[in-house]
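Engineer: See query_13.cif below, with mmCIF, C-alpha atoms.
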data_my_file
#
loop_
_atom_site.label_atom_id
_atom_site.label_comp_id
_atom_site.auth_asym_id
_atom_site.auth_seq_id
_atom_site.Cartn_x
_atom_site.Cartn_y
_atom_site.Cartn_z
CA MET A 198 -18.74 -1.27 35.86
CA LEU A 199 -16.46 1.52 34.68
CA ILE A 200 -15.37 1.36 31.03
CA LEU A 201 -12.31 3.35 29.99
CA ILE A 202 -11.54 4.02 26.34
CA PRO A 203 -8.19 5.65 25.65
CA PHE A 204 -8.33 7.78 22.49
CA LYS A 205 -5.88 9.87 20.49
CA PRO A 206 -7.79 12.28 18.23
CA VAL A 207 -4.70 14.08 16.90
CA ASN A 208 -2.30 12.34 14.49
CA PRO A 209 -3.76 8.89 15.25
CA LYS A 210 -2.76 5.65 13.50
CA SER A 211 0.52 6.99 12.13
CA ARG A 212 1.32 3.65 10.48
CA LEU A 213 -1.55 4.32 8.10
CA SER A 214 -0.02 7.57 6.86
CA GLU A 215 1.31 5.88 3.72
CA ILE A 216 -2.25 5.39 2.48
CA LEU A 217 -4.37 7.88 4.45
CA SER A 218 -4.07 11.65 4.86
CA ASP A 219 -4.00 13.19 8.34
CA ARG A 220 -7.66 14.08 8.06
CA GLU A 221 -8.59 10.59 6.88
CA ARG A 222 -6.71 8.98 9.74
CA GLU A 223 -8.63 11.20 12.13
CA GLY A 224 -11.86 10.27 10.38
CA LEU A 225 -11.14 6.56 10.58
CA ALA A 226 -10.06 6.79 14.22
CA LYS A 227 -13.33 8.52 15.09
CA ALA A 228 -15.40 6.01 13.08
CA MET A 229 -13.72 3.13 14.91
CA LEU A 230 -14.29 4.82 18.26
CA LEU A 231 -17.98 5.12 17.39
CA ASP A 232 -18.07 1.42 16.43
CA VAL A 233 -16.64 0.60 19.84
CA LEU A 234 -19.10 2.91 21.60
CA ASP A 235 -21.99 1.30 19.67
CA SER A 236 -20.96 -2.00 21.31
CA LEU A 237 -21.05 -0.68 24.86
CA ASP A 238 -23.60 0.20 27.50
CA GLY A 239 -22.86 1.63 30.90
CA ASP A 240 -20.47 4.08 32.48
CA VAL A 241 -18.14 4.84 29.57
CA ARG A 242 -15.33 7.36 29.93
CA ILE A 243 -13.23 8.39 26.96
CA ILE A 244 -9.70 9.29 28.03
CA SER A 245 -8.39 11.58 25.33
CA THR A 246 -4.83 12.78 24.77
CA HIS A 247 -6.20 16.06 23.38
CA PRO A 248 -9.41 18.09 23.71
CA PHE A 249 -12.16 16.26 21.85
CA ASN A 250 -15.92 16.64 21.86
CA LEU A 251 -18.35 13.80 21.31
CA GLU A 252 -21.99 14.47 22.00
CA GLY A 253 -23.47 12.28 24.67
CA TYR A 254 -20.13 11.05 25.98
CA ASP A 255 -17.93 11.96 28.88
CA VAL A 256 -14.47 12.86 27.54
CA GLU A 257 -11.64 13.41 30.00
CA VAL A 258 -8.48 14.98 28.61
CA ASP A 259 -5.33 13.45 30.06
CA GLU A 260 -1.99 14.24 28.47
CA ARG A 261 -0.07 11.79 30.60
CA GLU A 262 1.33 8.52 29.36
CA LEU A 263 -1.30 5.85 28.60
CA ASP A 264 -0.45 3.58 31.56
CA VAL A 265 -0.58 6.47 34.01
CA ALA A 266 -3.82 7.83 32.59
CA VAL A 267 -5.48 4.40 32.82
CA ASN A 268 -4.06 3.26 36.14
CA SER A 269 -5.08 6.46 37.91
CA ARG A 270 -8.69 5.65 37.01
CA ILE A 271 -8.94 1.95 37.93
CA GLU A 272 -11.53 1.53 40.69
CA GLY A 273 -13.79 -1.40 41.54
CA GLU A 274 -14.57 -3.36 38.38
CA THR A 275 -12.94 -1.55 35.47
CA ALA A 276 -12.67 -2.46 31.80
CA VAL A 277 -10.22 -0.87 29.41
CA ILE A 278 -11.22 -1.19 25.78
CA MET A 279 -9.09 0.07 22.92
CA SER A 280 -10.74 2.52 20.54
CA ASP A 281 -9.51 0.78 17.37
CA LEU A 282 -11.54 -2.44 17.53
CA PRO A 283 -14.09 -1.85 14.77
CA LEU A 284 -15.30 -5.47 14.64
CA ILE A 285 -16.49 -5.85 18.22
CA ASN A 286 -20.22 -5.80 18.87
CA LYS A 287 -22.62 -5.99 21.81
CA LYS A 288 -22.57 -9.79 21.90
CA VAL A 289 -18.77 -9.96 22.03
CA VAL A 290 -18.61 -7.34 24.76
CA GLU A 291 -21.37 -9.00 26.81
CA GLU A 292 -19.59 -12.34 26.70
CA PHE A 293 -16.37 -10.60 27.64
CA PHE A 294 -18.00 -8.94 30.65
CA ASP A 295 -19.58 -12.28 31.63
CA THR A 296 -16.23 -14.09 31.68
CA LYS A 297 -15.13 -15.09 35.16
CA GLY A 298 -11.68 -14.26 36.47
CA ASP A 299 -9.97 -11.51 38.45
CA VAL A 300 -8.42 -10.28 35.23
CA VAL A 301 -9.86 -11.08 31.80
CA ILE A 302 -7.76 -10.33 28.73
CA ALA A 303 -8.83 -10.26 25.09
CA PRO A 304 -5.57 -10.52 23.16
CA GLY A 305 -4.71 -8.69 19.97
CA ARG A 306 -2.15 -9.71 17.42
CA ARG A 307 1.54 -9.13 18.16
CA GLY A 308 1.11 -9.46 21.91
CA GLY A 309 -1.44 -6.73 22.36
CA THR A 310 -4.11 -6.38 25.03
CA ASN A 311 -7.17 -5.18 23.18
CA MET A 312 -9.69 -5.43 26.00
CA ILE A 313 -8.98 -6.04 29.66
CA LEU A 314 -11.42 -6.43 32.53
CA ILE A 315 -9.98 -5.79 35.97
CA ARG A 316 -11.92 -7.02 38.99
CA ASP A 317 -9.16 -6.39 41.53
CA PRO A 318 -7.97 -2.77 41.58
CA ARG A 319 -4.53 -3.81 42.83
CA PHE A 320 -3.91 -4.80 39.22
CA LYS A 321 -2.28 -2.10 37.09
CA VAL A 322 -1.88 -2.08 33.33
CA SER A 323 1.38 -1.85 31.41
CA TYR A 324 0.69 -1.46 27.71
CA HIS A 325 4.09 -1.46 26.08
CA TYR A 326 6.46 -4.29 25.07
CA CYS A 327 4.13 -7.26 24.65
CA SER A 328 1.46 -6.18 27.08
CA PHE A 329 -0.38 -9.49 26.86
CA LEU A 330 2.41 -11.46 28.53
CA LYS A 331 3.13 -8.63 30.94
CA HIS A 332 -0.49 -8.48 32.04
CA VAL A 333 -0.53 -12.23 32.62
CA GLU A 334 2.64 -11.90 34.71
CA ILE A 335 1.39 -8.91 36.70
CA ALA A 336 -1.82 -10.81 37.53
CA LYS A 337 0.11 -13.91 38.59
CA SER A 338 2.43 -11.87 40.78
CA LEU A 339 -0.70 -10.74 42.66
CA ASN A 340 -2.09 -14.31 42.78
CA LEU A 341 -4.99 -13.25 40.61
CA ARG A 342 -6.88 -15.59 38.33
CA VAL A 343 -6.39 -14.67 34.68
CA GLU A 344 -8.79 -15.72 31.95
CA ILE A 345 -8.11 -15.29 28.25
CA PHE A 346 -11.12 -14.17 26.25
CA ASP A 347 -10.90 -15.86 22.87
CA SER A 348 -12.36 -13.59 20.19
CA PHE A 349 -11.29 -12.96 16.61
CA TYR A 350 -13.35 -9.78 16.42
CA ALA A 351 -11.72 -8.40 19.56
CA SER A 352 -8.28 -9.39 18.26
CA VAL A 353 -8.50 -7.14 15.22
CA ASP A 354 -7.03 -3.76 16.13
CA VAL A 355 -6.25 -1.46 13.26
CA ASP A 356 -2.70 -0.22 12.88
CA THR A 357 -1.49 -1.14 9.40
CA PRO A 358 -2.87 -1.07 5.84
CA GLU A 359 -3.29 -4.83 6.07
CA ASP A 360 -5.64 -4.36 9.02
CA LEU A 361 -8.01 -2.30 6.85
CA LEU A 362 -8.61 -5.49 4.91
CA GLU A 363 -10.26 -7.01 7.98
CA ILE A 364 -12.71 -4.09 8.18
CA LEU A 365 -13.62 -4.51 4.51
CA ILE A 366 -14.09 -8.28 4.88
CA HIS A 367 -15.81 -8.50 8.28
CA GLY A 368 -17.10 -5.02 9.03
CA ARG A 369 -20.07 -4.62 6.73
CA GLY A 370 -22.47 -2.13 8.33
CA LYS A 371 -19.89 -0.76 10.73
CA ARG A 372 -19.15 2.96 10.74
CA SER A 373 -15.50 2.35 9.93
CA TYR A 374 -16.53 0.19 6.96
CA VAL A 375 -18.83 2.94 5.71
CA TYR A 376 -16.07 5.50 6.22
CA LEU A 377 -13.49 3.48 4.28
CA HIS A 378 -16.01 3.00 1.49
CA SER A 379 -16.76 6.73 1.44
CA ILE A 380 -13.08 7.53 0.80
CA GLY A 381 -12.81 4.97 -1.97
CA PHE A 382 -11.59 1.73 -0.42
CA ARG A 383 -12.83 -1.56 -1.85
CA LEU A 384 -11.85 -5.19 -1.60
CA LYS A 385 -9.72 -6.34 -4.51
CA PHE A 386 -9.79 -10.03 -5.28
CA GLU A 387 -6.62 -11.36 -6.75
CA ARG A 388 -4.88 -14.48 -5.61
CA GLU A 389 -5.36 -13.13 -2.11
CA PRO A 390 -7.80 -10.41 -1.15
CA ASN A 391 -6.26 -6.99 -0.86
CA ILE A 392 -7.41 -3.42 -0.47
CA LEU A 393 -7.85 -1.18 -3.49
CA ARG A 394 -8.45 2.54 -3.51
CA MET A 395 -10.67 3.82 -6.27
CA MET B 241 -19.13 -36.17 12.45
CA LEU B 242 -16.45 -36.49 9.82
CA ILE B 243 -13.40 -34.26 10.29
CA LEU B 244 -11.18 -33.59 7.28
CA ILE B 245 -7.70 -32.13 7.68
CA PRO B 246 -5.93 -31.21 4.46
CA PHE B 247 -2.15 -31.51 4.82
CA LYS B 248 0.87 -30.84 2.63
CA PRO B 249 3.89 -32.69 4.03
CA VAL B 250 6.28 -31.76 1.19
CA ASN B 251 7.55 -28.18 0.80
CA PRO B 252 4.90 -26.81 3.15
CA LYS B 253 4.69 -23.20 4.32
CA SER B 254 6.85 -21.78 1.53
CA ARG B 255 6.46 -18.23 2.84
CA LEU B 256 8.54 -19.27 5.83
CA SER B 257 11.50 -20.28 3.64
CA GLU B 258 13.30 -17.03 4.37
CA ILE B 259 13.77 -18.08 7.98
CA LEU B 260 13.30 -21.88 8.00
CA SER B 261 15.05 -24.63 6.02
CA ASP B 262 12.98 -27.17 4.07
CA ARG B 263 13.38 -29.68 6.84
CA GLU B 264 12.38 -27.16 9.50
CA ARG B 265 9.28 -26.17 7.58
CA GLU B 266 8.32 -29.83 7.39
CA GLY B 267 9.02 -30.18 11.11
CA LEU B 268 6.88 -27.18 11.98
CA ALA B 269 4.06 -28.28 9.66
CA LYS B 270 3.99 -31.68 11.36
CA ALA B 271 4.12 -30.15 14.85
CA MET B 272 1.18 -27.90 14.00
CA LEU B 273 -0.76 -30.84 12.55
CA LEU B 274 -0.20 -32.71 15.82
CA ASP B 275 -1.41 -29.67 17.79
CA VAL B 276 -4.58 -29.71 15.71
CA LEU B 277 -5.01 -33.47 16.15
CA ASP B 278 -4.53 -33.08 19.93
CA SER B 279 -7.60 -30.81 19.86
CA LEU B 280 -9.85 -33.31 18.11
CA ASP B 281 -11.79 -36.44 18.91
CA GLY B 282 -13.78 -38.47 16.46
CA ASP B 283 -13.57 -39.61 12.86
CA VAL B 284 -10.51 -37.70 11.67
CA ARG B 285 -9.19 -38.14 8.14
CA ILE B 286 -5.97 -36.47 7.04
CA ILE B 287 -6.08 -35.67 3.32
CA SER B 288 -2.45 -35.49 2.25
CA THR B 289 -1.01 -34.18 -1.01
CA HIS B 290 1.81 -36.74 -0.74
CA PRO B 291 2.36 -40.09 0.96
CA PHE B 292 2.68 -39.48 4.69
CA ASN B 293 2.54 -41.80 7.68
CA LEU B 294 1.23 -40.85 11.07
CA GLU B 295 0.70 -43.61 13.59
CA GLY B 296 -2.86 -43.94 14.77
CA TYR B 297 -4.30 -41.78 12.02
CA ASP B 298 -6.04 -42.44 8.76
CA VAL B 299 -4.12 -40.68 5.98
CA GLU B 300 -5.62 -40.55 2.50
CA VAL B 301 -3.35 -39.37 -0.28
CA ASP B 302 -5.10 -37.14 -2.78
CA GLU B 303 -3.06 -35.22 -5.33
CA ARG B 304 -6.02 -33.29 -6.68
CA GLU B 305 -6.62 -29.63 -6.02
CA LEU B 306 -7.68 -28.81 -2.45
CA ASP B 307 -11.30 -27.93 -3.25
CA VAL B 308 -11.80 -31.13 -5.25
CA ALA B 309 -10.16 -33.30 -2.61
CA VAL B 310 -12.35 -31.81 0.12
CA ASN B 311 -15.62 -31.58 -1.79
CA SER B 312 -15.45 -35.20 -2.91
CA ARG B 313 -15.46 -36.21 0.76
CA ILE B 314 -18.26 -34.05 2.19
CA GLU B 315 -21.01 -36.29 3.53
CA GLY B 316 -23.51 -35.77 6.33
CA GLU B 317 -22.02 -33.46 8.95
CA THR B 318 -18.46 -32.67 7.88
CA ALA B 319 -15.89 -30.33 9.36
CA VAL B 320 -12.80 -29.15 7.52
CA ILE B 321 -10.05 -27.93 9.79
CA MET B 322 -6.78 -26.50 8.54
CA SER B 323 -3.60 -28.18 9.73
CA ASP B 324 -1.81 -24.94 10.60
CA LEU B 325 -3.88 -23.78 13.57
CA PRO B 326 -1.49 -24.42 16.45
CA LEU B 327 -3.44 -22.41 19.00
CA ILE B 328 -6.74 -24.27 18.87
CA ASN B 329 -7.57 -26.62 21.72
CA LYS B 330 -10.34 -29.01 22.74
CA LYS B 331 -12.47 -26.27 24.26
CA VAL B 332 -12.34 -24.13 21.11
CA VAL B 333 -13.19 -27.09 18.90
CA GLU B 334 -16.03 -28.24 21.17
CA GLU B 335 -17.60 -24.78 21.12
CA PHE B 336 -17.17 -24.70 17.36
CA PHE B 337 -18.92 -28.05 16.94
CA ASP B 338 -21.68 -26.89 19.30
CA THR B 339 -22.41 -23.77 17.24
CA LYS B 340 -25.76 -23.90 15.50
CA GLY B 341 -26.12 -23.18 11.80
CA ASP B 342 -26.10 -25.05 8.50
CA VAL B 343 -22.61 -23.76 7.85
CA VAL B 344 -20.33 -22.53 10.63
CA ILE B 345 -17.18 -20.65 9.68
CA ALA B 346 -14.19 -19.76 11.85
CA PRO B 347 -12.43 -16.99 9.95
CA GLY B 348 -8.70 -16.53 9.63
CA ARG B 349 -6.92 -13.31 8.82
CA ARG B 350 -6.87 -12.04 5.23
CA GLY B 351 -10.22 -13.61 4.38
CA GLY B 352 -9.33 -17.16 5.22
CA THR B 353 -11.63 -19.98 6.32
CA ASN B 354 -9.69 -21.74 9.04
CA MET B 355 -12.41 -24.10 10.22
CA ILE B 356 -15.71 -24.83 8.56
CA LEU B 357 -18.54 -27.05 9.71
CA ILE B 358 -20.93 -28.19 7.01
CA ARG B 359 -24.30 -29.60 8.06
CA ASP B 360 -25.82 -29.60 4.58
CA PRO B 361 -23.80 -31.60 2.04
CA ARG B 362 -25.09 -29.50 -0.85
CA PHE B 363 -22.58 -26.93 0.36
CA LYS B 364 -19.19 -27.11 -1.36
CA VAL B 365 -16.00 -25.35 -0.35
CA SER B 366 -13.97 -22.92 -2.46
CA TYR B 367 -10.74 -22.05 -0.71
CA HIS B 368 -9.06 -19.50 -2.94
CA TYR B 369 -9.55 -15.76 -3.39
CA CYS B 370 -11.05 -14.70 -0.06
CA SER B 371 -12.71 -17.96 0.85
CA PHE B 372 -14.51 -16.46 3.84
CA LEU B 373 -16.73 -14.19 1.75
CA LYS B 374 -17.13 -16.86 -0.91
CA HIS B 375 -18.27 -19.40 1.64
CA VAL B 376 -20.80 -16.94 3.05
CA GLU B 377 -22.07 -16.32 -0.48
CA ILE B 378 -22.24 -20.00 -1.41
CA ALA B 379 -24.23 -20.73 1.73
CA LYS B 380 -26.62 -17.85 1.08
CA SER B 381 -27.15 -18.98 -2.52
CA LEU B 382 -28.37 -22.30 -1.06
CA ASN B 383 -30.55 -20.53 1.55
CA LEU B 384 -28.42 -21.99 4.31
CA ARG B 385 -27.97 -20.35 7.69
CA VAL B 386 -24.37 -19.22 8.21
CA GLU B 387 -22.89 -18.64 11.63
CA ILE B 388 -19.51 -17.03 12.22
CA PHE B 389 -17.49 -18.67 15.00
CA ASP B 390 -15.60 -15.91 16.73
CA SER B 391 -12.23 -17.23 17.96
CA PHE B 392 -8.82 -15.59 18.10
CA TYR B 393 -7.11 -18.97 18.56
CA ALA B 394 -8.84 -20.39 15.49
CA SER B 395 -7.99 -17.25 13.50
CA VAL B 396 -4.24 -17.74 13.83
CA ASP B 397 -3.04 -19.77 10.87
CA VAL B 398 0.68 -19.81 10.30
CA ASP B 399 1.98 -18.60 6.95
CA THR B 400 4.49 -15.83 7.59
CA PRO B 401 7.37 -15.16 10.00
CA GLU B 402 5.10 -12.74 11.85
CA ASP B 403 2.69 -15.60 12.53
CA LEU B 404 5.42 -17.48 14.44
CA LEU B 405 5.23 -14.68 16.97
CA GLU B 406 1.70 -15.76 17.87
CA ILE B 407 2.92 -19.30 18.63
CA LEU B 408 5.67 -17.96 20.89
CA ILE B 409 3.27 -15.63 22.73
CA HIS B 410 0.17 -17.83 23.01
CA GLY B 411 1.34 -21.38 22.38
CA ARG B 412 3.19 -22.35 25.52
CA GLY B 413 3.03 -26.14 25.89
CA LYS B 414 1.99 -26.71 22.28
CA ARG B 415 4.08 -29.01 20.09
CA SER B 416 4.76 -26.21 17.60
CA TYR B 417 5.95 -23.99 20.44
CA VAL B 418 8.28 -26.72 21.68
CA TYR B 419 9.49 -27.28 18.12
CA LEU B 420 10.22 -23.60 17.51
CA HIS B 421 12.08 -23.45 20.82
CA SER B 422 14.09 -26.56 19.89
CA ILE B 423 15.37 -24.86 16.74
CA GLY B 424 16.31 -21.69 18.56
CA PHE B 425 13.38 -19.31 18.36
CA ARG B 426 12.66 -17.03 21.27
CA LEU B 427 10.56 -13.97 21.91
CA LYS B 428 12.55 -10.76 21.67
CA PHE B 429 11.17 -7.76 23.54
CA GLU B 430 11.95 -4.46 21.95
CA ARG B 431 9.45 -1.73 21.40
CA GLU B 432 7.21 -4.43 20.01
CA PRO B 433 7.68 -8.14 20.55
CA ASN B 434 9.46 -9.93 17.75
CA ILE B 435 10.97 -13.30 17.07
CA LEU B 436 14.68 -13.89 17.60
CA ARG B 437 16.67 -16.93 16.55
CA MET B 438 19.49 -17.90 18.87
#
Mind turning the file's structure into structure tokens?

Structural biologist:
Amino acid sequence: MLILIPFKPVNPKSRLSEILSDREREGLAKAMLLDVLDSLDGDVRIISTHPFNLEGYDVEVDERELDVAVNSRIEGETAVIMSDLPLINKKVVEEFFDTKGDVVIAPGRRGGTNMILIRDPRFKVSYHYCSFLKHVEIAKSLNLRVEIFDSFYASVDVDTPEDLLEILIHGRGKRSYVYLHSIGFRLKFEREPNILRM
Amino acid sequence: MLILIPFKPVNPKSRLSEILSDREREGLAKAMLLDVLDSLDGDVRIISTHPFNLEGYDVEVDERELDVAVNSRIEGETAVIMSDLPLINKKVVEEFFDTKGDVVIAPGRRGGTNMILIRDPRFKVSYHYCSFLKHVEIAKSLNLRVEIFDSFYASVDVDTPEDLLEILIHGRGKRSYVYLHSIGFRLKFEREPNILRM
């Protein structure tokens, strides 16, 4: 199986700019990518918007729009896994790959498609504007069987300061957890847990 | 197995008051409770903060604090399932009940414990201030084996307007989805999906 990981090494995670510097956002994005890579075996290709080196991994630079970059690479059985899923692990990914269906979707919050497994290359992705529902529709229009992969860990993608909370609560031992700790983030327990920067 | 469902029929879901009237919040809370009940078989007891009638169900009124009301009822194998999990279904709950471990926890966002299965009645719940980590700690202090149940559907509890989006995206056919539709809510597709009231 081919595994595609889209990645944006330059100015990533802009919605975190209120609490992280440019360099820190790049550091976190890379730590999350490494967490994702730690969860995967097999033919992994990182599709990067900008030149980016990562020892031991095949990085292909593609400046085109995300959908175009991904769709041009779908062949045979192809999985597309987002690079900002720090809580996934080998068990989650194995169960995902073992799920039957022509198209298997692991949803994220707010209508996202965090992981998708495509077993019929006629299927093409479309990541914007509630991609989850669009992917279900695209599959149905091709008479393909869609399965939803139900995982909390796969549902946590990191875009906002609130999402960092999930790393601090559930990510102990992950590289992104260690990174956040190294730049001063801790859990703060008030009425509700929140993040605190020391 | 005993299944406890804490419920607050009066002034529920106060964080939704910016977009829902009192009556609508009560309507949604009841619809979500029914979605949860639709997912369950067995000895279900609704623990209600106020008098509340629901045909076919055993409702016990308990005005005490949540932890006290729950802990006083733990006996043998006991599950506590929150009443605001509209996306769970029989399959999710069956897999949850089948998960091994002395204490099985299905996390919610922001450190919540959305479902918990207690197989050792020495364990007591503590729902406030990041209950997920507290429950893990309490179990470890008793040398109990904790398992995390990894489910997106179980992770979606409904507290904020943003959470309604998850019902509209993933809840087709659910009572809470039908209820939200009946009072005018629809999905709005802009750059990101959002809720719209007609």

Engineer: Identify every residue of chain A that has at least one atom within 9 Å of any atom of chain B, counting all atoms listed in the file, and report the result as a ChimeraX atom specification.

Structural biologist: /A:289,303-308,325-327,329-330,346-353,359-360,362-363,366-367,386-391

Engineer: Name the residues that the PyMOL selection byres ((chain A and resi 226) around 10) pulls out of this structure, and write them as a list in words.

Structural biologist: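 Here the PyMOL selection byres ((chain A and resi 226) around 10) matches Phe204, Lys205, Pro206, Val207, Asn208, Pro209, Lys210, Arg220, Glu221, Arg222, Glu223, Gly224, Leu225, Lys227, Ala228, Met229, Leu230, Leu231, Asp232, Ser280, Asp281, Leu282, Pro283, Val355 and Ser373 of chain A.
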
Engineer: Just give me the gap between CA of Thr275 (chain A) and CA of Asp356 (chain A) in Å, one decimal is fine.

Structural biologist: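 Atom-to-atom, CA of Thr275 (chain A) and CA of Asp356 (chain A) are spaced 24.8 Å apart.
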
Engineer: Take the PyMOL selection byres ((chain A and resi 269) around 12), apply it to the structure above, and return the hits as a PyMOL selection string.

Structural biologist: chain A and resi 201+244+259+261-268+270-272+275+318-322

Engineer: I need the output of the PyMOL selection byres ((chain A and resi 382) around 6) for this file as number ranges by chain; which residues are they?

Structural biologist: A: 377-378, 381, 383, 393-394

Engineer: Using all atoms listed in the file for the distances, tell me which of B:Val301, B:Ile243, B:Leu277, B:Leu384 is nearest to Ala319 (chain B).

Structural biologist: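 Once distances to Ala319 (chain B) are computed over all atoms listed in the file, the minimum belongs to B:Ile243.
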
Engineer: Between CA of Ser245 (chain A) and CA of Ile202 (chain A), what is the distance, to one decimal in Å?

Structural biologist: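 Between CA of Ser245 (chain A) and CA of Ile202 (chain A) the gap works out to 8.3 Å.
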
Engineer: Between CA of Asn329 (chain B) and CA of Glu258 (chain B), what distance in Å does the model show, to one decimal?

Structural biologist: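 Result for CA of Asn329 (chain B) versus CA of Glu258 (chain B): 28.8 Å, one decimal.
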
Engineer: Within 6 Å of Val343 (chain A), counting all atoms listed in the file, which residues qualify if same-chain residues fewer than 6 places away don't, as a PDB file with C-alpha atoms, in the frame of the given file?

Structural biologist:
ATOM      1  CA  GLY A 298     -11.680 -14.260  36.470  1.00  0.00           C
ATOM      2  CA  VAL A 300      -8.420 -10.280  35.230  1.00  0.00           C
ATOM      3  CA  VAL A 301      -9.860 -11.080  31.800  1.00  0.00           C
TER       4      VAL A 301
END

Engineer: Tell me which of A:Ile313, A:His332, A:Ile392, A:Asp299 sits closest to Thr357 (chain A), counting all atoms listed in the file.

Structural biologist: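 Of all the options, A:Ile392 lies closest to Thr357 (chain A).
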